[in-house]
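Engineer: Just query-v3.cif, nothing more (mmCIF, C-alpha atoms):
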```cif
data_work
loop_
_atom_site.label_atom_id
_atom_site.label_comp_id
_atom_site.auth_asym_id
_atom_site.auth_seq_id
_atom_site.Cartn_x
_atom_site.Cartn_y
_atom_site.Cartn_z
CA MET Z 1 95.73 116.69 85.51
CA SER Z 2 98.26 114.32 83.93
CA ASP Z 3 98.00 110.57 84.36
CA ASP Z 4 101.17 110.56 86.44
CA ALA Z 5 99.61 112.96 88.96
CA LEU Z 6 96.33 111.08 89.39
CA PRO Z 7 95.64 109.24 92.66
CA GLU Z 8 96.14 105.47 92.46
CA SER Z 9 93.65 102.97 93.89
CA ASP Z 10 96.43 100.43 94.54
CA ARG Z 11 98.37 102.75 96.85
CA VAL Z 12 97.80 103.03 100.61
CA GLU Z 13 97.53 106.73 101.37
CA GLY Z 14 100.64 108.00 103.12
CA ALA Z 15 102.77 105.03 102.05
CA PRO Z 16 105.00 104.34 99.02
CA HIS Z 17 103.40 102.63 96.04
CA PRO Z 18 104.14 98.87 95.89
CA ARG Z 19 106.31 99.44 92.79
CA GLU Z 20 108.52 101.67 94.96
CA THR Z 21 108.83 99.07 97.75
CA LEU Z 22 111.86 96.93 96.95
CA THR Z 23 111.85 94.59 99.97
CA ILE Z 24 109.03 92.37 101.19
CA PHE Z 25 109.07 91.07 104.76
CA GLY Z 26 107.71 87.82 106.20
CA GLN Z 27 106.63 86.16 102.95
CA ASP Z 28 109.54 83.83 102.20
CA ALA Z 29 107.25 80.85 101.55
CA ALA Z 30 105.36 82.65 98.78
CA GLN Z 31 108.56 83.97 97.20
CA ASN Z 32 110.18 80.53 97.30
CA GLY Z 33 107.05 78.94 95.82
CA PHE Z 34 107.31 81.17 92.77
CA LEU Z 35 111.08 80.66 92.44
CA GLU Z 36 110.70 76.87 92.58
CA ALA Z 37 108.23 76.96 89.71
CA PHE Z 38 110.46 79.32 87.73
CA ASN Z 39 113.62 77.27 88.22
CA ALA Z 40 111.80 74.03 87.34
CA ASP Z 41 110.54 75.63 84.11
CA ARG Z 42 106.93 75.25 85.33
CA LEU Z 43 106.08 78.92 85.20
CA HIS Z 44 102.29 79.11 85.12
CA HIS Z 45 100.70 81.86 83.03
CA GLY Z 46 98.25 82.82 85.80
CA TRP Z 47 99.09 83.43 89.47
CA LEU Z 48 96.62 84.25 92.22
CA LEU Z 49 98.20 86.10 95.16
CA THR Z 50 95.89 85.69 98.15
CA GLY Z 51 95.90 86.53 101.84
CA PRO Z 52 94.67 89.23 104.21
CA ARG Z 53 94.65 92.81 103.01
CA GLY Z 54 97.89 94.68 103.55
CA VAL Z 55 100.36 91.81 104.07
CA GLY Z 56 102.42 92.43 100.93
CA LYS Z 57 100.52 90.89 98.00
CA SER Z 58 100.92 93.98 95.80
CA THR Z 59 104.56 94.36 96.78
CA LEU Z 60 105.20 90.72 95.85
CA ALA Z 61 103.39 91.15 92.52
CA TRP Z 62 105.60 94.10 91.56
CA GLN Z 63 108.67 92.22 92.78
CA ILE Z 64 107.77 89.26 90.55
CA ALA Z 65 107.14 91.62 87.64
CA ARG Z 66 110.60 93.21 88.02
CA PHE Z 67 112.21 89.78 88.27
CA LEU Z 68 110.49 88.36 85.18
CA LEU Z 69 111.09 91.39 82.99
CA ALA Z 70 114.74 91.68 84.04
CA THR Z 71 115.49 87.96 83.64
CA PRO Z 72 116.18 86.82 80.06
CA LYS Z 73 114.09 83.95 78.77
CA ASP Z 74 115.89 80.59 78.86
CA ASP Z 75 116.73 79.42 75.34
CA GLY Z 76 117.39 75.83 76.42
CA GLY Z 77 121.01 76.17 77.49
CA GLY Z 78 124.22 77.68 76.22
CA LEU Z 79 126.26 76.81 73.17
CA PHE Z 80 127.52 73.59 74.78
CA GLY Z 81 124.28 72.63 76.48
CA ASP Z 82 125.07 74.38 79.74
CA ALA Z 83 122.43 74.04 82.42
CA PRO Z 84 120.24 77.13 82.75
CA GLN Z 85 121.15 79.49 85.56
CA VAL Z 86 119.18 78.96 88.77
CA ALA Z 87 117.61 82.01 90.40
CA HIS Z 88 117.91 82.15 94.19
CA SER Z 89 116.10 85.43 94.80
CA LEU Z 90 113.46 87.66 93.25
CA GLN Z 91 115.51 90.74 94.14
CA ILE Z 92 116.60 92.93 91.22
CA ASP Z 93 119.20 95.69 91.46
CA PRO Z 94 117.30 99.01 91.80
CA GLU Z 95 119.63 100.45 89.17
CA HIS Z 96 118.72 97.77 86.63
CA PRO Z 97 117.10 99.41 83.57
CA VAL Z 98 113.89 97.43 84.08
CA ALA Z 99 113.69 98.44 87.73
CA ARG Z 100 114.23 102.08 86.84
CA ARG Z 101 111.59 101.99 84.10
CA ILE Z 102 109.06 100.35 86.41
CA GLN Z 103 109.81 102.97 89.06
CA ALA Z 104 109.15 105.67 86.46
CA GLY Z 105 106.01 103.95 85.16
CA SER Z 106 107.48 103.58 81.68
CA GLU Z 107 108.18 99.82 81.38
CA PRO Z 108 106.60 98.68 78.06
CA GLY Z 109 106.38 95.04 79.15
CA LEU Z 110 104.18 95.74 82.18
CA PHE Z 111 100.52 96.72 82.46
CA ALA Z 112 98.63 97.35 85.72
CA VAL Z 113 94.84 96.96 85.83
CA LYS Z 114 93.12 98.78 88.68
CA ARG Z 115 90.08 100.91 89.48
CA PRO Z 116 90.36 104.17 87.53
CA TYR Z 117 90.08 107.62 89.06
CA ASP Z 118 87.17 109.80 87.97
CA GLU Z 119 88.39 113.40 87.72
CA LYS Z 120 84.81 114.73 87.63
CA THR Z 121 83.69 113.14 90.89
CA LYS Z 122 87.20 113.17 92.41
CA LYS Z 123 86.67 109.57 93.45
CA PHE Z 124 87.79 106.12 92.32
CA LYS Z 125 85.35 104.03 90.34
CA SER Z 126 83.73 101.44 92.56
CA GLN Z 127 84.68 98.57 90.23
CA ILE Z 128 87.17 97.49 87.59
CA THR Z 129 85.09 97.54 84.42
CA VAL Z 130 85.45 95.63 81.19
CA ASP Z 131 86.92 98.76 79.56
CA GLU Z 132 90.01 98.39 81.76
CA ILE Z 133 90.46 94.77 80.65
CA ARG Z 134 89.98 95.74 76.99
CA LYS Z 135 92.97 98.07 77.25
CA LEU Z 136 95.10 94.93 77.43
CA LYS Z 137 94.44 94.34 73.72
CA ASN Z 138 96.48 97.41 72.80
CA PHE Z 139 99.12 96.53 75.39
CA PHE Z 140 99.65 93.07 73.89
CA ALA Z 141 99.72 94.49 70.35
CA LEU Z 142 102.31 97.16 71.19
CA SER Z 143 104.49 94.98 73.43
CA SER Z 144 104.73 92.00 71.09
CA ALA Z 145 107.37 93.57 68.87
CA ASP Z 146 110.38 92.96 71.13
CA GLY Z 147 109.55 89.29 71.75
CA GLY Z 148 110.25 89.53 75.48
CA ARG Z 149 108.18 88.68 78.52
CA ARG Z 150 105.02 90.57 79.38
CA VAL Z 151 103.43 90.92 82.80
CA VAL Z 152 99.94 92.04 83.81
CA ILE Z 153 99.06 92.94 87.40
CA VAL Z 154 95.37 93.07 88.40
CA ASP Z 155 94.94 94.86 91.74
CA SER Z 156 92.58 93.73 92.92
CA ALA Z 157 90.78 91.00 91.04
CA ASP Z 158 88.01 91.12 93.69
CA GLU Z 159 86.98 94.52 92.34
CA MET Z 160 86.16 93.36 88.80
CA ASN Z 161 82.53 93.45 87.74
CA VAL Z 162 81.01 90.46 85.97
CA SER Z 163 81.87 91.65 82.46
CA ALA Z 164 85.48 92.40 83.40
CA ALA Z 165 85.84 89.01 85.10
CA ASN Z 166 84.55 87.20 82.02
CA ALA Z 167 86.90 89.16 79.77
CA LEU Z 168 89.86 88.30 81.99
CA LEU Z 169 88.80 84.65 82.04
CA LYS Z 170 89.17 84.53 78.25
CA LEU Z 171 92.76 85.75 78.63
CA LEU Z 172 93.47 83.06 81.20
CA GLU Z 173 92.00 80.42 78.91
CA GLU Z 174 94.02 81.59 75.88
CA PRO Z 175 96.94 83.64 77.24
CA PRO Z 176 99.20 85.48 74.79
CA ALA Z 177 102.68 84.00 74.45
CA ASP Z 178 105.25 84.79 77.15
CA THR Z 179 102.64 86.52 79.30
CA THR Z 180 102.26 86.18 83.06
CA LEU Z 181 99.11 87.44 84.77
CA LEU Z 182 99.38 88.28 88.48
CA LEU Z 183 95.97 88.55 90.15
CA ILE Z 184 95.81 90.05 93.65
CA SER Z 185 92.86 88.90 95.73
CA HIS Z 186 91.90 89.69 99.32
CA GLN Z 187 88.80 87.49 99.09
CA PRO Z 188 89.36 84.74 96.48
CA SER Z 189 85.95 83.21 97.27
CA ARG Z 190 84.41 86.20 95.46
CA LEU Z 191 86.15 85.29 92.20
CA LEU Z 192 84.70 83.09 89.49
CA PRO Z 193 85.64 79.46 90.22
CA THR Z 194 86.88 79.20 86.63
CA ILE Z 195 89.32 82.06 87.25
CA ARG Z 196 90.65 80.43 90.41
CA SER Z 197 91.03 77.07 88.69
CA ARG Z 198 93.18 78.58 85.93
CA CYS Z 199 95.65 80.18 88.32
CA ARG Z 200 98.29 78.83 90.65
CA GLU Z 201 97.84 80.25 94.15
CA LEU Z 202 100.49 81.95 96.26
CA ARG Z 203 99.13 82.34 99.78
CA LEU Z 204 100.56 85.14 101.93
CA SER Z 205 100.16 85.19 105.72
CA ASN Z 206 99.85 87.79 108.47
CA LEU Z 207 103.08 89.48 109.47
CA THR Z 208 104.82 88.99 112.79
CA PRO Z 209 105.30 92.08 114.98
CA GLN Z 210 108.97 92.23 113.95
CA ASP Z 211 108.16 91.98 110.24
CA MET Z 212 105.52 94.68 110.68
CA GLU Z 213 108.02 96.94 112.41
CA ASN Z 214 110.49 96.44 109.55
CA ALA Z 215 107.83 97.09 106.92
CA MET Z 216 106.61 100.22 108.70
CA ALA Z 217 110.18 101.51 108.90
CA GLN Z 218 110.67 100.86 105.18
CA ALA Z 219 107.46 102.81 104.46
CA GLU Z 220 108.78 105.61 106.72
CA VAL Z 221 105.61 105.54 108.83
CA GLU Z 222 106.23 106.33 112.48
CA THR Z 223 104.09 105.09 115.36
CA ASP Z 224 104.78 105.10 119.10
CA ALA Z 225 102.61 102.15 120.20
CA SER Z 226 103.88 99.18 118.20
CA ALA Z 227 102.21 96.52 120.40
CA ALA Z 228 98.81 98.21 120.20
CA MET Z 229 99.26 98.78 116.48
CA ALA Z 230 100.08 95.11 115.93
CA GLU Z 231 96.94 94.13 117.86
CA LEU Z 232 94.59 96.42 115.93
CA SER Z 233 96.08 95.78 112.49
CA GLY Z 234 96.01 92.00 112.84
CA GLY Z 235 99.42 91.55 111.22
CA SER Z 236 98.59 93.73 108.20
CA VAL Z 237 101.12 96.46 107.50
CA GLY Z 238 98.67 98.10 105.09
CA GLU Z 239 96.09 98.35 107.86
CA ALA Z 240 98.77 99.56 110.30
CA ILE Z 241 99.70 102.39 107.92
CA ARG Z 242 96.03 103.29 107.56
CA LEU Z 243 95.60 103.33 111.34
CA ALA Z 244 98.67 105.52 111.74
CA GLN Z 245 97.55 107.99 109.06
CA LEU Z 246 93.98 108.30 110.37
CA GLY Z 247 94.69 108.33 114.09
CA GLY Z 248 93.28 104.84 114.61
CA LEU Z 249 95.02 104.22 117.95
CA GLN Z 250 93.51 107.37 119.47
CA MET Z 251 90.11 106.54 117.97
CA TYR Z 252 90.15 103.05 119.49
CA ALA Z 253 91.23 104.48 122.86
CA GLU Z 254 88.22 106.82 122.71
CA LEU Z 255 85.93 103.85 122.05
CA VAL Z 256 87.33 101.98 125.03
CA ALA Z 257 86.84 105.08 127.21
CA LEU Z 258 83.27 105.48 125.94
CA PHE Z 259 82.30 101.85 126.55
CA SER Z 260 83.92 101.96 129.98
CA THR Z 261 80.92 104.08 131.04
CA LEU Z 262 78.51 101.21 130.26
CA PRO Z 263 75.86 100.26 131.10
CA GLN Z 264 74.83 103.91 131.64
CA MET Z 265 76.76 105.38 128.67
CA ASP Z 266 78.19 108.88 128.52
CA ARG Z 267 75.72 110.42 126.06
CA GLN Z 268 77.75 113.56 125.42
CA ARG Z 269 80.85 111.55 124.58
CA ALA Z 270 78.78 109.35 122.25
CA LEU Z 271 77.33 112.44 120.51
CA THR Z 272 80.79 113.94 120.07
CA LEU Z 273 82.03 110.71 118.50
CA ALA Z 274 79.03 110.58 116.14
CA GLU Z 275 79.37 114.24 115.08
CA ARG Z 276 83.05 113.75 114.32
CA ALA Z 277 82.17 110.79 112.07
CA ALA Z 278 79.64 112.94 110.21
CA ALA Z 279 82.08 115.77 109.48
CA ARG Z 280 82.52 116.82 105.86
CA GLY Z 281 85.41 115.01 104.20
CA ALA Z 282 85.70 112.46 107.01
CA ASP Z 283 84.60 109.44 104.95
CA ASP Z 284 87.80 107.51 105.66
CA LYS Z 285 87.58 108.13 109.40
CA PHE Z 286 83.91 107.14 109.40
CA GLU Z 287 84.75 103.82 107.74
CA LEU Z 288 87.61 103.30 110.17
CA LEU Z 289 85.38 104.02 113.17
CA LEU Z 290 82.84 101.39 112.10
CA ASN Z 291 85.64 98.87 111.53
CA LEU Z 292 87.11 99.59 114.96
CA ILE Z 293 83.71 99.07 116.60
CA ASP Z 294 83.50 95.69 114.85
CA LEU Z 295 87.01 94.87 116.04
CA PHE Z 296 86.19 95.92 119.60
CA LEU Z 297 83.20 93.56 119.70
CA VAL Z 298 85.20 90.68 118.23
CA ARG Z 299 87.98 91.13 120.80
CA LEU Z 300 85.40 91.47 123.59
CA ALA Z 301 83.56 88.30 122.62
CA ARG Z 302 86.80 86.32 122.24
CA ALA Z 303 88.00 87.39 125.69
CA GLY Z 304 84.67 86.42 127.24
CA VAL Z 305 84.48 83.00 125.58
CA THR Z 306 88.08 82.03 126.37
CA GLY Z 307 88.18 83.65 129.77
CA GLN Z 308 91.56 85.11 128.80
CA PRO Z 309 92.40 88.81 128.34
CA PRO Z 310 94.09 89.90 125.08
CA LEU Z 311 97.79 89.06 124.82
CA ALA Z 312 98.39 92.80 124.54
CA GLU Z 313 96.03 95.68 125.20
CA ALA Z 314 95.16 97.80 122.18
CA ALA Z 315 94.21 100.63 124.56
CA GLN Z 316 94.69 101.29 128.25
CA GLY Z 317 91.97 99.68 130.35
CA GLU Z 318 90.81 97.33 127.58
CA ALA Z 319 91.39 94.10 129.53
CA ALA Z 320 89.49 95.35 132.60
CA LEU Z 321 86.63 96.53 130.41
CA PHE Z 322 86.36 93.14 128.71
CA ALA Z 323 86.29 91.36 132.08
CA ASN Z 324 83.49 93.68 133.21
CA LEU Z 325 81.31 93.49 130.08
CA ALA Z 326 81.78 89.80 129.25
CA PRO Z 327 82.60 87.97 132.51
CA ASN Z 328 81.34 84.62 131.17
CA PRO Z 329 80.77 82.78 127.85
CA LEU Z 330 77.01 83.48 127.93
CA LYS Z 331 77.52 87.25 127.95
CA ALA Z 332 80.30 86.89 125.39
CA ARG Z 333 77.93 85.09 123.01
CA ALA Z 334 75.44 87.95 123.37
CA PHE Z 335 78.10 90.42 122.21
CA ALA Z 336 79.12 88.09 119.38
CA GLU Z 337 75.52 88.01 118.16
CA VAL Z 338 75.12 91.77 118.36
CA ALA Z 339 78.42 92.16 116.48
CA GLN Z 340 76.93 90.25 113.52
CA GLU Z 341 73.77 92.36 113.66
CA ILE Z 342 75.72 95.63 113.84
CA THR Z 343 77.94 94.64 110.91
CA SER Z 344 74.87 93.88 108.79
CA ARG Z 345 73.13 97.11 109.79
CA SER Z 346 76.26 99.16 109.14
CA ARG Z 347 76.68 97.64 105.68
CA HIS Z 348 73.05 98.40 104.85
CA GLY Z 349 73.29 101.92 106.28
CA ARG Z 350 76.30 102.73 104.14
CA SER Z 351 74.69 101.29 101.01
CA VAL Z 352 71.64 103.59 101.38
CA ASN Z 353 73.77 106.58 102.46
CA LEU Z 354 72.29 106.78 105.96
CA ASP Z 355 73.49 109.82 107.92
CA PRO Z 356 76.87 108.81 109.44
CA ALA Z 357 76.09 110.35 112.84
CA ALA Z 358 72.77 108.51 113.04
CA LEU Z 359 74.44 105.24 112.08
CA VAL Z 360 77.13 105.62 114.75
CA LEU Z 361 74.59 106.53 117.45
CA ASP Z 362 72.37 103.61 116.48
CA THR Z 363 75.39 101.30 116.77
CA VAL Z 364 76.41 102.67 120.16
CA TRP Z 365 72.88 102.38 121.59
CA LYS Z 366 72.70 98.77 120.42
CA ILE Z 367 75.88 97.96 122.32
CA GLN Z 368 74.46 99.73 125.37
CA GLN Z 369 71.30 97.60 125.23
CA THR Z 370 73.41 94.45 125.16
CA ALA Z 371 75.46 95.62 128.14
CA GLN Z 372 72.27 96.27 130.10
#
```
Would it be possible to restate this file's structure as structure tokens?

Structural biologist:
Amino acid sequence: MSDDALPESDRVEGAPHPRETLTIFGQDAAQNGFLEAFNADRLHHGWLLTGPRGVGKSTLAWQIARFLLATPKDDGGGLFGDAPQVAHSLQIDPEHPVARRIQAGSEPGLFAVKRPYDEKTKKFKSQITVDEIRKLKNFFALSSADGGRRVVIVDSADEMNVSAANALLKLLEEPPADTTLLLISHQPSRLLPTIRSRCRELRLSNLTPQDMENAMAQAEVETDASAAMAELSGGSVGEAIRLAQLGGLQMYAELVALFSTLPQMDRQRALTLAERAAARGADDKFELLLNLIDLFLVRLARAGVTGQPPLAEAAQGEAALFANLAPNPLKARAFAEVAQEITSRSRHGRSVNLDPAALVLDTVWKIQQTAQ
């Protein structure tokens, strides 16, 4: 299999790759923050793009890369000391040679660091290793000839192991000339403090329902329940695409229907749910199911503590179910506590490869005990 045909760890399945996404929605503050630094000639060599998963950090990184590589370096003014041109947007014409090379994966001034795909196991490596960072040495050697800008995207920096993080830190401490490093991080607290301190942060926020709708349309992902999708995805278009591809809305509706039988519990429905999670090749759906159970408990506890139903139901009958299971703050706190326990048990169960069906059933019975 050629490199071009290999799966990519920085692509949401069923959606265009961030390099193919030319417009970013709802992140004007982050874009303007970078432009202000660029126009003031205070372009930092290291940038940390942070925020919830799926809100456009990768798209912004590729947008910045296109902009930098397509914008000539300022030589201090024109022949008569003209003021340098001010950039008002990061947008680059899709027909620009740089944009076309990036789209084709052939831009010599750009290098993307990400988890590699293992053709033997047919899976992505669990971490970015030091070998991936060492490849930058050849990139810098080969790209130095033209004297132009160079851009490195690390997606995501959270996935580096200790050796890779230390190797990247050395680059941040002594960056090659005219190089900009764009580090994408969903959980910056997991990074070395020394890495964070050597980068300027661009913080991205959750998307509004309208921005999500626009982003989903751009990704050509169709969904019929936009309000429910916005609720379950938490303003993350990446998560919304994942929910749409894996049938997340239907799965959450099934959870609500199952828990509506509490405190007795419909055992057959619970068994069917568990067996579906254990099906061969259903790893993604299994992960999604556990995440949706966590989300259900969080929404339940919040409704009980505040005494207010969700602003919008993520499934029919959700508000009535919350009022029944958590009618007061005391009961809500009980579900909040069991949510923490279930999350910990699920994490442990996955780390030791516990049977998925057994893990789901164990989780469901724990929720039943709390309801009783």

Engineer: Kindly give the distance, in Å, that separates atom CA of Z:Ala219 and atom CA of Z:Lys57, rounded to a single decimal.

Structural biologist: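 One can read the atom CA of Z:Ala219 to atom CA of Z:Lys57 distance as 15.2 Å.
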
Engineer: Set the distance at 12 Å and use all atoms listed in the file: which residues neighbour stretch 195-200 of chain Z once local chain neighbours fewer than 2 positions away are removed? I'd like the list as an mmCIF file with C-alpha atoms, in the frame of the given file.

Structural biologist:
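The result, written out as part-v9.cif:
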```
data_model
loop_
_atom_site.group_PDB
_atom_site.id
_atom_site.type_symbol
_atom_site.label_atom_id
_atom_site.label_comp_id
_atom_site.auth_asym_id
_atom_site.auth_seq_id
_atom_site.Cartn_x
_atom_site.Cartn_y
_atom_site.Cartn_z
ATOM 1 C CA ALA Z 30 105.360 82.650 98.780
ATOM 2 C CA GLY Z 33 107.050 78.940 95.820
ATOM 3 C CA PHE Z 34 107.310 81.170 92.770
ATOM 4 C CA ALA Z 37 108.230 76.960 89.710
ATOM 5 C CA ARG Z 42 106.930 75.250 85.330
ATOM 6 C CA LEU Z 43 106.080 78.920 85.200
ATOM 7 C CA HIS Z 44 102.290 79.110 85.120
ATOM 8 C CA HIS Z 45 100.700 81.860 83.030
ATOM 9 C CA GLY Z 46 98.250 82.820 85.800
ATOM 10 C CA TRP Z 47 99.090 83.430 89.470
ATOM 11 C CA LEU Z 48 96.620 84.250 92.220
ATOM 12 C CA LEU Z 49 98.200 86.100 95.160
ATOM 13 C CA THR Z 50 95.890 85.690 98.150
ATOM 14 C CA ALA Z 157 90.780 91.000 91.040
ATOM 15 C CA ASP Z 158 88.010 91.120 93.690
ATOM 16 C CA MET Z 160 86.160 93.360 88.800
ATOM 17 C CA VAL Z 162 81.010 90.460 85.970
ATOM 18 C CA ALA Z 164 85.480 92.400 83.400
ATOM 19 C CA ALA Z 165 85.840 89.010 85.100
ATOM 20 C CA ASN Z 166 84.550 87.200 82.020
ATOM 21 C CA ALA Z 167 86.900 89.160 79.770
ATOM 22 C CA LEU Z 168 89.860 88.300 81.990
ATOM 23 C CA LEU Z 169 88.800 84.650 82.040
ATOM 24 C CA LYS Z 170 89.170 84.530 78.250
ATOM 25 C CA LEU Z 171 92.760 85.750 78.630
ATOM 26 C CA LEU Z 172 93.470 83.060 81.200
ATOM 27 C CA GLU Z 173 92.000 80.420 78.910
ATOM 28 C CA GLU Z 174 94.020 81.590 75.880
ATOM 29 C CA PRO Z 175 96.940 83.640 77.240
ATOM 30 C CA THR Z 180 102.260 86.180 83.060
ATOM 31 C CA LEU Z 181 99.110 87.440 84.770
ATOM 32 C CA LEU Z 182 99.380 88.280 88.480
ATOM 33 C CA LEU Z 183 95.970 88.550 90.150
ATOM 34 C CA ILE Z 184 95.810 90.050 93.650
ATOM 35 C CA SER Z 185 92.860 88.900 95.730
ATOM 36 C CA GLN Z 187 88.800 87.490 99.090
ATOM 37 C CA PRO Z 188 89.360 84.740 96.480
ATOM 38 C CA SER Z 189 85.950 83.210 97.270
ATOM 39 C CA ARG Z 190 84.410 86.200 95.460
ATOM 40 C CA LEU Z 191 86.150 85.290 92.200
ATOM 41 C CA LEU Z 192 84.700 83.090 89.490
ATOM 42 C CA PRO Z 193 85.640 79.460 90.220
ATOM 43 C CA LEU Z 202 100.490 81.950 96.260
ATOM 44 C CA ARG Z 203 99.130 82.340 99.780
#
```

Engineer: Could you tell me which residues the PyMOL selection byres ((chain Z and resi 229) around 10) grabs in this file, written as a PDB file with C-alpha atoms, in the frame of the given file?

Structural biologist:
```
ATOM      1  CA  PRO Z 209     105.300  92.080 114.980  1.00  0.00           C
ATOM      2  CA  MET Z 212     105.520  94.680 110.680  1.00  0.00           C
ATOM      3  CA  GLU Z 213     108.020  96.940 112.410  1.00  0.00           C
ATOM      4  CA  THR Z 223     104.090 105.090 115.360  1.00  0.00           C
ATOM      5  CA  ASP Z 224     104.780 105.100 119.100  1.00  0.00           C
ATOM      6  CA  ALA Z 225     102.610 102.150 120.200  1.00  0.00           C
ATOM      7  CA  SER Z 226     103.880  99.180 118.200  1.00  0.00           C
ATOM      8  CA  ALA Z 227     102.210  96.520 120.400  1.00  0.00           C
ATOM      9  CA  ALA Z 228      98.810  98.210 120.200  1.00  0.00           C
ATOM     10  CA  ALA Z 230     100.080  95.110 115.930  1.00  0.00           C
ATOM     11  CA  GLU Z 231      96.940  94.130 117.860  1.00  0.00           C
ATOM     12  CA  LEU Z 232      94.590  96.420 115.930  1.00  0.00           C
ATOM     13  CA  SER Z 233      96.080  95.780 112.490  1.00  0.00           C
ATOM     14  CA  GLY Z 234      96.010  92.000 112.840  1.00  0.00           C
ATOM     15  CA  GLY Z 235      99.420  91.550 111.220  1.00  0.00           C
ATOM     16  CA  SER Z 236      98.590  93.730 108.200  1.00  0.00           C
ATOM     17  CA  VAL Z 237     101.120  96.460 107.500  1.00  0.00           C
ATOM     18  CA  GLU Z 239      96.090  98.350 107.860  1.00  0.00           C
ATOM     19  CA  ALA Z 240      98.770  99.560 110.300  1.00  0.00           C
ATOM     20  CA  ILE Z 241      99.700 102.390 107.920  1.00  0.00           C
ATOM     21  CA  LEU Z 243      95.600 103.330 111.340  1.00  0.00           C
ATOM     22  CA  ALA Z 244      98.670 105.520 111.740  1.00  0.00           C
ATOM     23  CA  GLY Z 248      93.280 104.840 114.610  1.00  0.00           C
ATOM     24  CA  LEU Z 249      95.020 104.220 117.950  1.00  0.00           C
ATOM     25  CA  GLU Z 313      96.030  95.680 125.200  1.00  0.00           C
ATOM     26  CA  ALA Z 314      95.160  97.800 122.180  1.00  0.00           C
ATOM     27  CA  ALA Z 315      94.210 100.630 124.560  1.00  0.00           C
TER      28      ALA Z 315
END
```

Engineer: Which one is closest to Z:Asn291: Z:Val55, Z:Leu354, Z:Ala339, Z:Leu207? Count all atoms listed in the file.

Structural biologist: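 Result for the nearest residue to Z:Asn291: Z:Ala339.
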
Engineer: Rank Z:Tyr117, Z:Phe25, Z:Phe259, Z:Tyr252 by their smallest atom-to-atom distance to Z:Val364, using all atoms listed in the file, and report the top residue only.

Structural biologist: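 Ranking Z:Tyr117, Z:Phe25, Z:Phe259, Z:Tyr252 by distance to Z:Val364, first place goes to Z:Phe259.
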
Engineer: For atom CA of Z:Arg19 and atom CA of Z:Pro176, determine how far apart the two atoms are, in Å to one decimal place.

Structural biologist: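 Separation of atom CA of Z:Arg19 and atom CA of Z:Pro176: 23.9 Å.
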
Engineer: Between atom CA of Z:Phe67 and atom CA of Z:Gln127, what is the distance, to one decimal in Å?

Structural biologist: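 Atom-to-atom, atom CA of Z:Phe67 to atom CA of Z:Gln127, that is 29.0 Å.
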